[in-house]
Structures are given as structure tokens and as C-alpha cells.
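First the structure, in the form of C-alpha cells, and then the observations on it.
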Amino acid sequence: MRAAVPLLGLLLLPAGLEGQEAASGPRWMVQVVGPAVIVHGDLRLEAGGGRFLLESADSMWWPLQSLDTAGTRLGFAAGGWQFAGERAGDVAEGIVTDTDGRVQRWRAQRLQPGAIRWPVRPRIAVRQLLFGSPATQAGFADPWLAARPSTATLQAEYAAATAALGWSVPPPGGVAAHATALSLGVDPAGRVAARALLARIGAGPAGTAEFRRLFVGSTGTLRLDLHDVAWDNAQRRLPALRANPGLVAPALRALGLLPDGGGDDPIRLVHAGWQAWVQAQRDPAGMTELLARIPDAPSTAALHALLDGYDEGRGWWTAAVRWLVTAPWLEVPGGRQSPATLLAAFWGGDIGPLPVLRPTAFGSPQAVPVLGATHLAPWLLESRNVIASEWLTTRTAAVEALTAWRAFDTNEALDVVLWDGQRAVVTAPAAVTRTRYGAFLEAEDAIRIEPGMMPLFAVATVVHEWLHILVERARLAGDAPHGLRRAAWGVQLLEADPWLGEGIAEWGTDAVLAPARPMTPLFVVLEAGKRIGLAEALPDDPHVLGHALVRALAARLEDPIAARDLLVRHLHDPAAVARVAGLDGPIGTTISRPATLAILPEYVFTVDDGVADAPVRRLHLSVRPEDDR
């Protein structure tokens, strides 16, 4: 039970009714004050009577008996408890006799209509969740592998895109470094090409006041990326840095981020400043300690200004990327479209708003999708008291419950053997979150992305990650989701095959942006270069092999929508995809992969303002996937 809290100190928030409004009568928040604890209750006065719920007996509502509301009186009987009291405005108090004959004080306050308040806390269960894969090897049918586009074809496409920009193909072994330099804005030719593309956008119908606010600096020059904005911010804070950008170089050398003489190269200096910011984001206390040891005070002050400039510039970067994804600047057959509109056309339905962009200092061109909790909530959340059934219908309940659930942690992992001999790790939600770049079922759909990427070059990355989210949302939608199985013991998430999961996002990004290819060969150079560069080191990387497999599938079906839908249905089962597409056969080559099977036990707890209380963790030992129901 909860500790004593002054009744009048409880916050009553007027808001949308959210399923709580008792249209037929008022709601009252009740406290029964005992010698050591306070028991909370929920009183609903309704036409012809009412009902009452006690936190200590919350499985069902008690109907009101002997209701007395004459004059200033408020009295009733419920569940064997006898309440007698007087009202004064929106407050009532009196005495109550419980089923054991004990007499205690009670007091109540009438809730404002629409107040979001739950006098009796909802008790909910988050069902046991089995996820991951026990597989240690993966394999794809030989006919499917044979249908992939050849390396020569992929390299020719890359060469054609680089030629369209007037560039030469990087030497063998240099494609990956070139793609990274392009993305991070440290390739001189890439900056020239990006500036020309932004100027083209600004000269057309998309060159609105919003475009100019974002991309045109105070001196009239185009702002290409976070580095431009961060340095401008820093120089505004510290004018000496504008006159002498190299002022920051000694501090960067002291941190080991800039070689001797590197301050003479503007791009190298900018890159080192960004690396310092990434380091500061990852370890703020450590960076503060390092800076305090640097004897060159003017240079340290300059670096402080630069780090603050990067912090200040993150909001600009997010707004710039959002504009480039949602504004109609791409020249395509029939007019101008936004990347988001092209994605909606490819998806063939409502894709919703752009997921939240979360600038995250990865230190390299990376991004990860984060799936919102509400997509899985219908299968995970169960009410365990009568008030929870009502609470779970409200708009924010799923997010509140799963946010509280994600905080449960453990200091150890338990290795268990399942009924069929498969091994799984029993862990906790917070432990899973710590080990995943994409976190684990956060409050809303989001994309974590490195803001050091040039906004223009982040467009394809955002489309890629948005596709991941759309695919997973589709796999969890409907009464019979493709991405999970329900059982008496809980829920099994059917994890997407890593190669097919990355493949649909890689191939889908190319398909989405294909109509704008004549205008944006930069996107082709970046995306194809990334895959070719990965293939030079890891030919079986999911982005590389997955892209080739899905491209072969789409060619075989001769219908991109059919390929997309087939993958959504069977993304966890490459053999089923191959069988439906007529690409099945023997598997002559296998690829090693780590086993990832894990179990999150069932958690039962009460929720109060987003905080979990009285948690009980239960491990259901009978874990049989064929128990689907």
C-alpha cells in the first residue's frame, strides 16, 4: 500500500477525457486513513446509484448500497464497508466501518471532469517475451544465390553514377573510405557537388523562406552541414576563432585528434573538431577532465566554443534533414516530390509522420531504427485489475506501461534450456536496451542517426531506416500478425532474418529514390559505394548480400510490390520466401551467425504516473512455439 499523502496535495490535471469521464456523474478520489497506511479508493456516482473500488480489493467494482446524498451528506455501503460523511464543496470526510468492525477516518475529493487521475492504480502484466533466434548458421538456396546481380553489374552502375558527377571511380580498396568521406562532408568534391545541388533546390520552387532560413547563412553562403553551423556558432561566441580558425588546433593536438601541422588543412581541422565533440558526447566528464589539463588556455577556450557550437547546431541539423525528407524538392517525372511522398507511393498506403530524428554521436555514418512500443502493446499488455481494463484504453497507457517496463533490470543473465534443447538467455528489458543500438521498444518510432552526416546525404539513410520501421509495423499489424506468435506462456517475436531485413531496406531505398536518380546521382554514388566498400571487406554483410538477394527476388517476381509483400509475410523465413518465388533448392553455402534467443519473463506491476511499483517477475518454463493461439 502507498504511504500517506495529503489528499489536497494530489495534482489534478484537466485534459482530454481519455476514457475516464463519468458522463453520468462525478468521480471521487477516496482515502481511508488507517493507523499506519492509507488505502485508496475510486468512487463513481452514477445515475441510479454508483460503484466503488478499493486498492486492497481491486478485482471488481462494488455496487453502492444505501446511497445517501441528501443535503450535505455523503454516505453509502459497498463490499461490507459502511461510509458516513459530510460534504463541503468538492471535499467530503467522515468515518468508515470496515468488514472487521474497525472504525477509521475517510476523506475524498471530487475530481474535475476529464482529470487524468487514477485513485486506484492500474495493475498490468507485460507478458513473457521470447525473441531472437537460436540459429548459429544461415543459408540461402543455390538458385536464389545464382540469380543475384553480378559484381560487374553493380560496379558498372556505381561507375555510371560517379561519371555523371564527373568523378573517377576510387581505386580498389578505396570505395568505402570515399563513401564515408562523402557522407561526413570531408570530401572536397562531394562538398562542391552538394553545394551545387542545394543551389539548384534554392533556385526552384522549393527555395522557400524556410529553405533559406535553414540553408543560407548570414553572409549569404550555403550551409551544407552541422560542421558549417557549429563553426559559425563557435565563431559568433568567440570572434577570435573567426579570425584564426587554427586557434583550436593546439587543444585538438593535445587530445590526440590532430597530427602536428594538421591545423593548416581546413577539412582535417573540421573533422578533428567533430571527433572531439563525439568524444565529449560519449564521455562528458572525461572530456571536461582532459580539457582541464591542457595548458594552452586560448586554444582550450576555442575548443569549448566549438563544442558548444556543435551542441547548439543539433537542432538545426534535425530541422534541415526533416525539411529535405518532407519538402517537395526532388525533380521526378510529372513534377516535384518529397522523398517522403515517394516512400508513401512505394509503400502504397499511409506511412504516417516522419519518425522522430534523434541525433546520436556514433562517430561514423550510422543510423538505427527504434520501434515504438504501441505496435507491440496489444499483444504484450494485459489488465490484472478492473481499473487496468479501463486505463489500457487511454491514448498514453501503452507508452506509460512499457516505459516503466523498460526500466526493469537485472545484474545477471540466466542460461536456460528449452523443451527442444534450444538454449536461451533469461534477461531483463533494461539489459536488452543496453546492448542494442536501436534500444528496445521505446515510447515512439524514432531514428537514431549520426548528425555528422551531411543532411543531403542523410536523406537516403532516413528512408532506409524509415523502411525498417514500416516493415516491422506491418509485421505486427492485424489480428494475425506475420511477425509474432501468441501462446499460453507469452509472445514470441519472429525476428527478421538479418539479410532479408537489411535487404528490403537497401533495395527499397533504391526503389523509392529511383525516380529522382537523374537529379541525385550523389545518392547512387553514396549508397552503391557503401555496399561495394562493405563487400570488399565483408561480402556476406547483410547490407550487401541482403540487397543482392532482394534485388534478385524482385526481378524474379517482376513486381516490386509483390516482392515487398512477400518479404513482409515471411521476413523471418528465407526458405518460405524462396519457395513462394520459385527460387528454392539445395543450400550449398552457409554463413555463421550468433545465436540470439532470449527470454524476458512476465512482469506484473502497478503503474502510477509512469512509475512501476510492486513488481513481480514470473518465468513461464513451458516455451513451445507450436502452442500458438
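Identifiers for the C-alpha cells are assigned positionally: chains receive A, B, ... in sequence, residues are indexed from 1 per chain, and ligands are indexed from 1 in the order shown.
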- [ ] Pick out the residues sitting within 8 Å of range 503-508 of chain A, and hand them over as a PyMOL selection string; count only C-alpha atoms, and ignore anything fewer than 6 positions along from it in its own chain.
- [x] chain A and resi 464-465+467-468+542-551+564+567
For the selection just defined, write its residues with N, CA and C atoms to a file, as a JSON list (two decimals), in the first residue's frame.
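The result, stored in result.json:
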```
[["chain", "number", "residue", "atom", "x", "y", "z"],
["A", 464, "HIS", "N", 15.97, 4.63, -45.59],
["A", 464, "HIS", "CA", 16.33, 3.24, -45.25],
["A", 464, "HIS", "C", 15.78, 2.86, -43.87],
["A", 465, "GLU", "N", 16.04, 3.70, -42.86],
["A", 465, "GLU", "CA", 15.60, 3.36, -41.50],
["A", 465, "GLU", "C", 14.09, 3.45, -41.37],
["A", 467, "LEU", "N", 12.00, 2.69, -43.67],
["A", 467, "LEU", "CA", 11.52, 1.44, -44.24],
["A", 467, "LEU", "C", 11.57, 0.31, -43.21],
["A", 468, "HIS", "N", 12.65, 0.24, -42.45],
["A", 468, "HIS", "CA", 12.73, -0.77, -41.38],
["A", 468, "HIS", "C", 11.52, -0.65, -40.46],
["A", 542, "PRO", "N", 25.06, -8.30, -44.20],
["A", 542, "PRO", "CA", 23.63, -8.29, -44.53],
["A", 542, "PRO", "C", 23.22, -7.18, -45.49],
["A", 543, "HIS", "N", 23.86, -6.00, -45.42],
["A", 543, "HIS", "CA", 23.51, -4.93, -46.34],
["A", 543, "HIS", "C", 23.89, -5.29, -47.77],
["A", 544, "VAL", "N", 24.98, -6.02, -47.92],
["A", 544, "VAL", "CA", 25.49, -6.36, -49.26],
["A", 544, "VAL", "C", 24.73, -7.55, -49.82],
["A", 545, "LEU", "N", 24.83, -8.69, -49.12],
["A", 545, "LEU", "CA", 24.19, -9.90, -49.60],
["A", 545, "LEU", "C", 22.67, -9.75, -49.58],
["A", 546, "GLY", "N", 22.14, -9.10, -48.55],
["A", 546, "GLY", "CA", 20.69, -8.91, -48.47],
["A", 546, "GLY", "C", 20.17, -8.09, -49.63],
["A", 547, "HIS", "N", 20.86, -7.01, -49.98],
["A", 547, "HIS", "CA", 20.45, -6.19, -51.12],
["A", 547, "HIS", "C", 20.42, -7.01, -52.40],
["A", 548, "ALA", "N", 21.46, -7.81, -52.61],
["A", 548, "ALA", "CA", 21.53, -8.61, -53.84],
["A", 548, "ALA", "C", 20.43, -9.65, -53.88],
["A", 549, "LEU", "N", 20.14, -10.29, -52.75],
["A", 549, "LEU", "CA", 19.09, -11.31, -52.71],
["A", 549, "LEU", "C", 17.71, -10.71, -52.98],
["A", 550, "VAL", "N", 17.42, -9.58, -52.34],
["A", 550, "VAL", "CA", 16.10, -8.97, -52.53],
["A", 550, "VAL", "C", 15.97, -8.42, -53.95],
["A", 551, "ARG", "N", 17.05, -7.90, -54.48],
["A", 551, "ARG", "CA", 17.00, -7.42, -55.86],
["A", 551, "ARG", "C", 16.72, -8.58, -56.82],
["A", 564, "ARG", "N", 7.80, -6.90, -52.07],
["A", 564, "ARG", "CA", 7.70, -6.27, -50.75],
["A", 564, "ARG", "C", 6.74, -7.04, -49.85],
["A", 567, "LEU", "N", 8.05, -10.44, -48.67],
["A", 567, "LEU", "CA", 9.06, -10.30, -47.62],
["A", 567, "LEU", "C", 8.42, -9.95, -46.28]]
```
TODO: Tell me, as a ChimeraX atom specification, which residues lie within 10 Å of Arg556 in chain A, counting only C-alpha atoms; anything in the same chain fewer than 3 positions away does not count.
DONE: /A:144,147,550-553,559-560,563,581-583
Can those selected residues be exported to a file as a tab-separated table (two decimals), in the first residue's frame so that it contains N, CA, C and O atoms?
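Saved file again_25.tsv follows:
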```
chain	number	residue	atom	x	y	z
A	144	TRP	N	18.64	-19.12	-55.71
A	144	TRP	CA	18.48	-17.73	-55.32
A	144	TRP	C	19.82	-17.00	-55.38
A	144	TRP	O	19.93	-15.89	-55.91
A	147	ALA	N	20.86	-16.16	-58.86
A	147	ALA	CA	20.08	-15.11	-59.55
A	147	ALA	C	20.51	-13.71	-59.17
A	147	ALA	O	20.00	-12.73	-59.74
A	550	VAL	N	17.42	-9.58	-52.34
A	550	VAL	CA	16.10	-8.97	-52.53
A	550	VAL	C	15.97	-8.42	-53.95
A	550	VAL	O	14.89	-8.48	-54.56
A	551	ARG	N	17.05	-7.90	-54.48
A	551	ARG	CA	17.00	-7.42	-55.86
A	551	ARG	C	16.72	-8.58	-56.82
A	551	ARG	O	15.93	-8.44	-57.77
A	552	ALA	N	17.33	-9.73	-56.57
A	552	ALA	CA	17.05	-10.90	-57.40
A	552	ALA	C	15.60	-11.36	-57.25
A	552	ALA	O	14.96	-11.76	-58.22
A	553	LEU	N	15.09	-11.28	-56.02
A	553	LEU	CA	13.70	-11.67	-55.78
A	553	LEU	C	12.75	-10.77	-56.56
A	553	LEU	O	11.80	-11.24	-57.20
A	559	ASP	N	7.63	-7.66	-60.02
A	559	ASP	CA	6.65	-6.78	-59.39
A	559	ASP	C	7.21	-6.38	-58.02
A	559	ASP	O	7.24	-7.19	-57.09
A	560	PRO	N	7.66	-5.12	-57.88
A	560	PRO	CA	8.24	-4.72	-56.60
A	560	PRO	C	7.26	-4.81	-55.43
A	560	PRO	O	7.66	-5.11	-54.30
A	563	ALA	N	7.06	-8.36	-54.33
A	563	ALA	CA	8.28	-8.71	-53.59
A	563	ALA	C	8.23	-8.14	-52.18
A	563	ALA	O	8.56	-8.83	-51.20
A	581	ALA	N	8.68	-17.85	-54.33
A	581	ALA	CA	9.21	-17.19	-55.53
A	581	ALA	C	9.76	-18.16	-56.55
A	581	ALA	O	10.19	-17.73	-57.63
A	582	GLY	N	9.76	-19.45	-56.24
A	582	GLY	CA	10.34	-20.42	-57.17
A	582	GLY	C	11.84	-20.34	-57.23
A	582	GLY	O	12.46	-20.69	-58.25
A	583	LEU	N	12.48	-19.93	-56.15
A	583	LEU	CA	13.94	-19.82	-56.10
A	583	LEU	C	14.53	-20.80	-55.09
A	583	LEU	O	15.68	-20.65	-54.67
```
- [ ] Apply DSSP to the backbone of this structure and, from range 442-604 of chain A, keep only the residues in alpha helix (DSSP H); write these as a VMD selection string.
- [x] chain A and resid 455 to 475 498 to 513 521 to 537 542 to 557 560 to 570 574 to 581
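In this comparison, which uses only C-alpha atoms, the residue of A:Glu472, A:Leu597, A:Arg212, A:Trp316 approaching Asp415 in chain A most closely is A:Leu597.
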TODO: Please provide as number ranges by chain all residues within 8 Å of Ala388 in chain A, with the sequence filter that same-chain residues fewer than 6 positions apart are discarded (counting only C-alpha atoms).
DONE: A: 121-124
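Near Ala598 in chain A, within 9 Å and counting only C-alpha atoms, sit Leu129, Leu130, Phe131, Gly132, Ser133, Pro134, Asp415, Arg423, Ala424, Val425, Val426 and Thr427 of chain A, not including residues fewer than 6 positions from it in the same chain.
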Atoms kept (C-alpha atoms) for selection, written as a PDB file, in the first residue's frame:
```pdb
ATOM      1  CA  LEU A 129       8.512 -12.363 -24.482  1.00  0.00           C
ATOM      2  CA  LEU A 130      10.669 -14.774 -26.457  1.00  0.00           C
ATOM      3  CA  PHE A 131      12.757 -13.139 -29.162  1.00  0.00           C
ATOM      4  CA  GLY A 132      15.891 -13.650 -31.213  1.00  0.00           C
ATOM      5  CA  SER A 133      16.999 -16.796 -32.970  1.00  0.00           C
ATOM      6  CA  PRO A 134      18.706 -19.995 -31.828  1.00  0.00           C
ATOM      7  CA  ASP A 415      21.011 -19.522 -19.333  1.00  0.00           C
ATOM      8  CA  ARG A 423      19.319 -22.546 -25.269  1.00  0.00           C
ATOM      9  CA  ALA A 424      18.041 -19.106 -24.351  1.00  0.00           C
ATOM     10  CA  VAL A 425      19.188 -16.328 -22.046  1.00  0.00           C
ATOM     11  CA  VAL A 426      16.732 -15.034 -19.444  1.00  0.00           C
ATOM     12  CA  THR A 427      17.354 -11.319 -19.116  1.00  0.00           C
TER      13      THR A 427
END
```
TODO: Do a neighbour search on Leu476 in chain A at 12 Å with only C-alpha atoms, toss out local chain neighbours closer than 3 positions, and write the hits as an MDAnalysis selection string.
DONE: chainID A and resid 371:380 469:473 479:486 491:496 568:569 571
TODO: Write out as JSON, numbers by chain the residues lying within 8 Å of Arg27 in chain A, counting only C-alpha atoms and excluding same-chain residues fewer than 3 positions away.
DONE: {"A": [22, 42, 43, 44, 45, 110, 111, 112, 113]}
- [ ] Pick out the residues sitting within 12 Å of range 329-346 of chain A, and hand them over as JSON, numbers by chain; count only C-alpha atoms, and ignore anything fewer than 6 positions along from it in its own chain.
- [x] {"A": [197, 198, 199, 200, 201, 202, 203, 204, 205, 206, 207, 208, 211, 321, 322, 323, 352, 353, 354, 355, 456, 458, 459, 460, 461, 462, 463, 464, 465, 466, 467, 470, 505, 507, 508, 509, 510, 511, 512, 513, 514, 515, 516, 517, 518, 519, 520, 523, 559, 560, 561, 562, 563, 564, 565]}
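For the pair CA of Tyr158 in chain A and CA of Pro171 in chain A, the separation is 12.8 Å.
Scanning range 64-99 of chain A with DSSP on the backbone, the strand (DSSP E) assignments fall on Gln65, Ser66, Leu67, Asp68, Arg73, Leu74, Gly75, Phe76, Ala77, Ala78, Trp81, Gln82, Phe83, Ala84, Gly85, Glu86, Arg87, Ala88, Val91, Ala92, Glu93, Gly94, Ile95, Val96 and Thr97 of chain A.
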Write to file, as an mmCIF file, in the first residue's frame, the residues of the selection just made, with N, CA, C and O atoms.
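Resulting contents of result-v3.cif:
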```cif
data_model
loop_
_atom_site.group_PDB
_atom_site.id
_atom_site.type_symbol
_atom_site.label_atom_id
_atom_site.label_comp_id
_atom_site.auth_asym_id
_atom_site.auth_seq_id
_atom_site.Cartn_x
_atom_site.Cartn_y
_atom_site.Cartn_z
ATOM 1 N N GLN A 65 -24.680 0.712 -2.167
ATOM 2 C CA GLN A 65 -25.941 0.443 -1.492
ATOM 3 C C GLN A 65 -26.188 1.542 -0.466
ATOM 4 O O GLN A 65 -25.268 2.160 0.040
ATOM 5 N N SER A 66 -27.456 1.760 -0.170
ATOM 6 C CA SER A 66 -27.843 2.760 0.845
ATOM 7 C C SER A 66 -27.197 4.110 0.571
ATOM 8 O O SER A 66 -26.703 4.785 1.483
ATOM 9 N N LEU A 67 -27.183 4.512 -0.683
ATOM 10 C CA LEU A 67 -26.562 5.781 -1.043
ATOM 11 C C LEU A 67 -27.355 6.942 -0.447
ATOM 12 O O LEU A 67 -28.572 7.041 -0.629
ATOM 13 N N ASP A 68 -26.666 7.837 0.247
ATOM 14 C CA ASP A 68 -27.297 8.985 0.898
ATOM 15 C C ASP A 68 -26.563 10.248 0.479
ATOM 16 O O ASP A 68 -25.421 10.488 0.895
ATOM 17 N N ARG A 73 -24.893 15.502 3.122
ATOM 18 C CA ARG A 73 -24.430 14.170 3.485
ATOM 19 C C ARG A 73 -23.879 13.421 2.276
ATOM 20 O O ARG A 73 -24.313 13.605 1.134
ATOM 21 N N LEU A 74 -22.921 12.542 2.548
ATOM 22 C CA LEU A 74 -22.444 11.580 1.558
ATOM 23 C C LEU A 74 -22.165 10.281 2.301
ATOM 24 O O LEU A 74 -21.202 10.170 3.073
ATOM 25 N N GLY A 75 -23.052 9.323 2.107
ATOM 26 C CA GLY A 75 -22.893 8.039 2.757
ATOM 27 C C GLY A 75 -23.296 6.920 1.821
ATOM 28 O O GLY A 75 -24.124 7.091 0.926
ATOM 29 N N PHE A 76 -22.689 5.757 2.022
ATOM 30 C CA PHE A 76 -23.002 4.602 1.182
ATOM 31 C C PHE A 76 -22.377 3.367 1.812
ATOM 32 O O PHE A 76 -21.520 3.447 2.714
ATOM 33 N N ALA A 77 -22.839 2.217 1.354
ATOM 34 C CA ALA A 77 -22.258 0.934 1.733
ATOM 35 C C ALA A 77 -21.753 0.257 0.469
ATOM 36 O O ALA A 77 -22.377 0.349 -0.589
ATOM 37 N N ALA A 78 -20.598 -0.423 0.591
ATOM 38 C CA ALA A 78 -20.018 -1.127 -0.562
ATOM 39 C C ALA A 78 -19.105 -2.224 -0.052
ATOM 40 O O ALA A 78 -18.220 -1.965 0.774
ATOM 41 N N TRP A 81 -18.371 -2.483 3.594
ATOM 42 C CA TRP A 81 -17.840 -1.289 4.248
ATOM 43 C C TRP A 81 -18.967 -0.255 4.326
ATOM 44 O O TRP A 81 -19.730 -0.079 3.372
ATOM 45 N N GLN A 82 -19.053 0.440 5.478
ATOM 46 C CA GLN A 82 -20.079 1.452 5.690
ATOM 47 C C GLN A 82 -19.419 2.830 5.797
ATOM 48 O O GLN A 82 -18.590 3.062 6.687
ATOM 49 N N PHE A 83 -19.746 3.715 4.846
ATOM 50 C CA PHE A 83 -19.176 5.065 4.825
ATOM 51 C C PHE A 83 -20.259 6.070 5.244
ATOM 52 O O PHE A 83 -21.390 6.001 4.749
ATOM 53 N N ALA A 84 -19.899 6.989 6.119
ATOM 54 C CA ALA A 84 -20.798 8.069 6.508
ATOM 55 C C ALA A 84 -19.977 9.345 6.597
ATOM 56 O O ALA A 84 -18.893 9.352 7.200
ATOM 57 N N GLY A 85 -20.457 10.425 5.969
ATOM 58 C CA GLY A 85 -19.677 11.645 5.987
ATOM 59 C C GLY A 85 -20.477 12.845 5.556
ATOM 60 O O GLY A 85 -21.674 12.753 5.231
ATOM 61 N N GLU A 86 -19.811 13.997 5.533
ATOM 62 C CA GLU A 86 -20.397 15.257 5.143
ATOM 63 C C GLU A 86 -19.565 15.865 4.012
ATOM 64 O O GLU A 86 -18.345 15.720 3.969
ATOM 65 N N ARG A 87 -20.280 16.547 3.118
ATOM 66 C CA ARG A 87 -19.614 17.223 2.002
ATOM 67 C C ARG A 87 -19.510 18.708 2.275
ATOM 68 O O ARG A 87 -20.401 19.296 2.858
ATOM 69 N N ALA A 88 -18.396 19.277 1.790
ATOM 70 C CA ALA A 88 -18.218 20.731 1.796
ATOM 71 C C ALA A 88 -17.595 21.083 0.453
ATOM 72 O O ALA A 88 -16.387 20.969 0.268
ATOM 73 N N VAL A 91 -15.057 18.502 -1.381
ATOM 74 C CA VAL A 91 -14.358 17.674 -0.406
ATOM 75 C C VAL A 91 -15.387 17.032 0.516
ATOM 76 O O VAL A 91 -16.392 17.653 0.880
ATOM 77 N N ALA A 92 -15.152 15.764 0.860
ATOM 78 C CA ALA A 92 -16.016 15.062 1.805
ATOM 79 C C ALA A 92 -15.143 14.321 2.807
ATOM 80 O O ALA A 92 -14.018 13.917 2.474
ATOM 81 N N GLU A 93 -15.646 14.144 4.025
ATOM 82 C CA GLU A 93 -14.914 13.354 5.016
ATOM 83 C C GLU A 93 -15.885 12.828 6.055
ATOM 84 O O GLU A 93 -17.002 13.336 6.213
ATOM 85 N N GLY A 94 -15.436 11.767 6.737
ATOM 86 C CA GLY A 94 -16.281 11.157 7.742
ATOM 87 C C GLY A 94 -15.623 9.919 8.308
ATOM 88 O O GLY A 94 -14.386 9.833 8.393
ATOM 89 N N ILE A 95 -16.440 8.946 8.715
ATOM 90 C CA ILE A 95 -15.921 7.707 9.287
ATOM 91 C C ILE A 95 -16.388 6.543 8.434
ATOM 92 O O ILE A 95 -17.408 6.604 7.751
ATOM 93 N N VAL A 96 -15.615 5.453 8.489
ATOM 94 C CA VAL A 96 -15.941 4.247 7.762
ATOM 95 C C VAL A 96 -15.744 3.062 8.688
ATOM 96 O O VAL A 96 -14.787 3.013 9.458
ATOM 97 N N THR A 97 -16.664 2.124 8.608
ATOM 98 C CA THR A 97 -16.560 0.882 9.371
ATOM 99 C C THR A 97 -16.302 -0.241 8.382
ATOM 100 O O THR A 97 -17.088 -0.454 7.448
#
```
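In this comparison, which uses only C-alpha atoms, the residue of A:Gly286, A:Glu444, A:Arg436, A:Ala176 approaching Glu400 in chain A most closely is A:Glu444.
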